[in-house]
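Written below as structure tokens is the structure these notes are about.
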Amino acid sequence: MSRGAPPRPDAAGFAAFYEENFDAVLGFVTRRTTCPQVAADLTADIFVAALEAAGRYDPGRGAPAAWLYGIARNALSSHYRGSVRERHAVARLNGHRLLDEEDIAALEERIDAERAARELAERHSSLSEPLREVLDLVAVDGLTPREAAQALGLNQATVRVRLHRAKRALRAERPAVAERAEQTDSTARTLEVVS
């Protein structure tokens, strides 16, 4: 994800920001859902929210990546809090386009590519939610502890303590994790960050 190009509310500026950050946001979403329709809708919703907030972006409060991950995290949380009926009604009201078979196939391929990250997340499900949240933002999404602190609305020291505790807990269960890590390069890269 781009760490230096701030979002701009003008069409050309935001288009460049979108292009630079689309893959990172789609990766964030596909690591957290298995449904292509939901992945497409959430990615679109994240960028709509970012466009609406672009004029209020303050570079003094942190990097654009952390700002965008904060928006993505909020959009994902909001999605999972809503009921299935509400999501369907909102989708109809907002006029989300239906995905054709090619779009679904491409998103299913992306979801399959992110399967290793989802499996790693399942293996560390014994961690508390605050520890998992910090570990995911740093180890999986590539934010620095400072950026993760900004995205979560915490101070940097709290994030570093939680990250240390999460790594220590995963190292205690590492033999089981290490056996499966050989299956994909993605999992191996994530485990390197944890070590």
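Convention: chains lettered A, B, ... in structure tokens order; per-chain residue numbering from 1; ligands numbered from 1 as shown.
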Discussion item. Need the shell around A:Gln37: protein/DNA/RNA residues with any atom at most 10 Å away, counting only C-alpha atoms. Skip same-chain ones fewer than 2 positions apart. Format as a list in words?
Written reply: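 In the requested format, the answer is Thr33, Thr34, Cys35, Ala39, Ala40, Asp41, Leu42, His96, Arg97, Leu98, Leu99, Asp103, Ile104, Leu107 and Glu108 of chain A.
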What are the closest atom pairs, with distances in Å to one decimal, for each residue of stretch 25-109 of chain A lying within 9 Å of stretch 18-21 of chain A, using only C-alpha atoms, rows by chain and rising residue number, as JSON lines?
```
{"residue": "A:Val25", "atom": "CA", "partner": "A:Asn21", "partner_atom": "CA", "distance": 6.3}
{"residue": "A:Leu26", "atom": "CA", "partner": "A:Asn21", "partner_atom": "CA", "distance": 8.6}
{"residue": "A:Phe47", "atom": "CA", "partner": "A:Tyr18", "partner_atom": "CA", "distance": 7.3}
{"residue": "A:Ala65", "atom": "CA", "partner": "A:Asn21", "partner_atom": "CA", "distance": 8.3}
{"residue": "A:Leu68", "atom": "CA", "partner": "A:Asn21", "partner_atom": "CA", "distance": 8.7}
```
Just write the chosen residues, C-alpha atoms, as an mmCIF file, in the first residue's frame.
```cif
data_model
loop_
_atom_site.group_PDB
_atom_site.id
_atom_site.type_symbol
_atom_site.label_atom_id
_atom_site.label_comp_id
_atom_site.auth_asym_id
_atom_site.auth_seq_id
_atom_site.Cartn_x
_atom_site.Cartn_y
_atom_site.Cartn_z
ATOM 1 C CA VAL A 25 -7.553 -2.950 0.096
ATOM 2 C CA LEU A 26 -8.858 -5.906 -1.918
ATOM 3 C CA PHE A 47 -13.196 3.587 -1.377
ATOM 4 C CA ALA A 65 -2.021 3.677 4.546
ATOM 5 C CA LEU A 68 -7.179 3.875 4.699
#
```
Worksheet item: Of the residues A:Leu143, A:Leu131, A:Ala16, A:Ile71, which is the one nearest to A:Val161, using only C-alpha atoms?
Response: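 Closest to A:Val161, using only C-alpha atoms: A:Leu131.
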Discussion item. At a cut-off of 10 Å, using only C-alpha atoms, what residues contact A:Asp10? Leave out same-chain residues fewer than 2 positions from it and give the result as a ChimeraX atom specification.
Written reply: /A:7-8,12-15,51,54-55
Fill in: Which residue of A:Gly60, A:Gly82, A:Pro9, A:Gly70 approaches A:Phe28 most closely, using only C-alpha atoms
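Under the stated criterion, the closest residue is A:Gly70.
Relative to atom CA of A:Arg162, atom CA of A:Tyr57 is found at 27.1 Å.
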Worksheet item: Which one of A:Ala53, A:Ala105, A:Ala149, A:Leu163 sits closest to A:Ala66 if you count only C-alpha atoms?
Response: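 Result for the nearest residue to A:Ala66: A:Ala149.
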Item to complete: Name all residues at most 9 Å from A:Asp45 (count only C-alpha atoms; drop same-chain ones fewer than 5 positions away) and give them as a PyMOL selection string.
Response: chain A and resi 40+50+72+75
For the selection just defined, write its residues with all heavy atoms to a file, as a PDB file, in the first residue's frame.
```pdb
ATOM      1  N   ALA A  40     -16.374  -7.679  -3.216  1.00  0.00           N
ATOM      2  CA  ALA A  40     -16.515  -6.573  -4.173  1.00  0.00           C
ATOM      3  C   ALA A  40     -17.245  -5.394  -3.538  1.00  0.00           C
ATOM      4  O   ALA A  40     -16.819  -4.238  -3.672  1.00  0.00           O
ATOM      5  CB  ALA A  40     -17.265  -7.051  -5.415  1.00  0.00           C
ATOM      6  N   ALA A  50     -13.615   6.512   1.718  1.00  0.00           N
ATOM      7  CA  ALA A  50     -12.342   7.240   1.632  1.00  0.00           C
ATOM      8  C   ALA A  50     -12.497   8.501   0.783  1.00  0.00           C
ATOM      9  O   ALA A  50     -11.965   9.562   1.137  1.00  0.00           O
ATOM     10  CB  ALA A  50     -11.253   6.340   1.052  1.00  0.00           C
ATOM     11  N   ALA A  72     -11.061   0.909   6.228  1.00  0.00           N
ATOM     12  CA  ALA A  72     -11.370  -0.470   5.843  1.00  0.00           C
ATOM     13  C   ALA A  72     -11.836  -1.274   7.049  1.00  0.00           C
ATOM     14  O   ALA A  72     -12.816  -2.035   6.969  1.00  0.00           O
ATOM     15  CB  ALA A  72     -10.142  -1.123   5.210  1.00  0.00           C
ATOM     16  N   ALA A  75     -15.343  -0.217   7.943  1.00  0.00           N
ATOM     17  CA  ALA A  75     -16.312  -0.730   6.968  1.00  0.00           C
ATOM     18  C   ALA A  75     -16.570  -2.217   7.188  1.00  0.00           C
ATOM     19  O   ALA A  75     -17.717  -2.672   7.126  1.00  0.00           O
ATOM     20  CB  ALA A  75     -15.813  -0.479   5.545  1.00  0.00           C
TER      21      ALA A  75
END
```
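Of the residues under consideration (A:Asp136, A:Asp58, A:Glu147, A:Asp112), A:Asp112 shows the shortest atom-to-atom contact distance to A:Pro36 when counting only C-alpha atoms.
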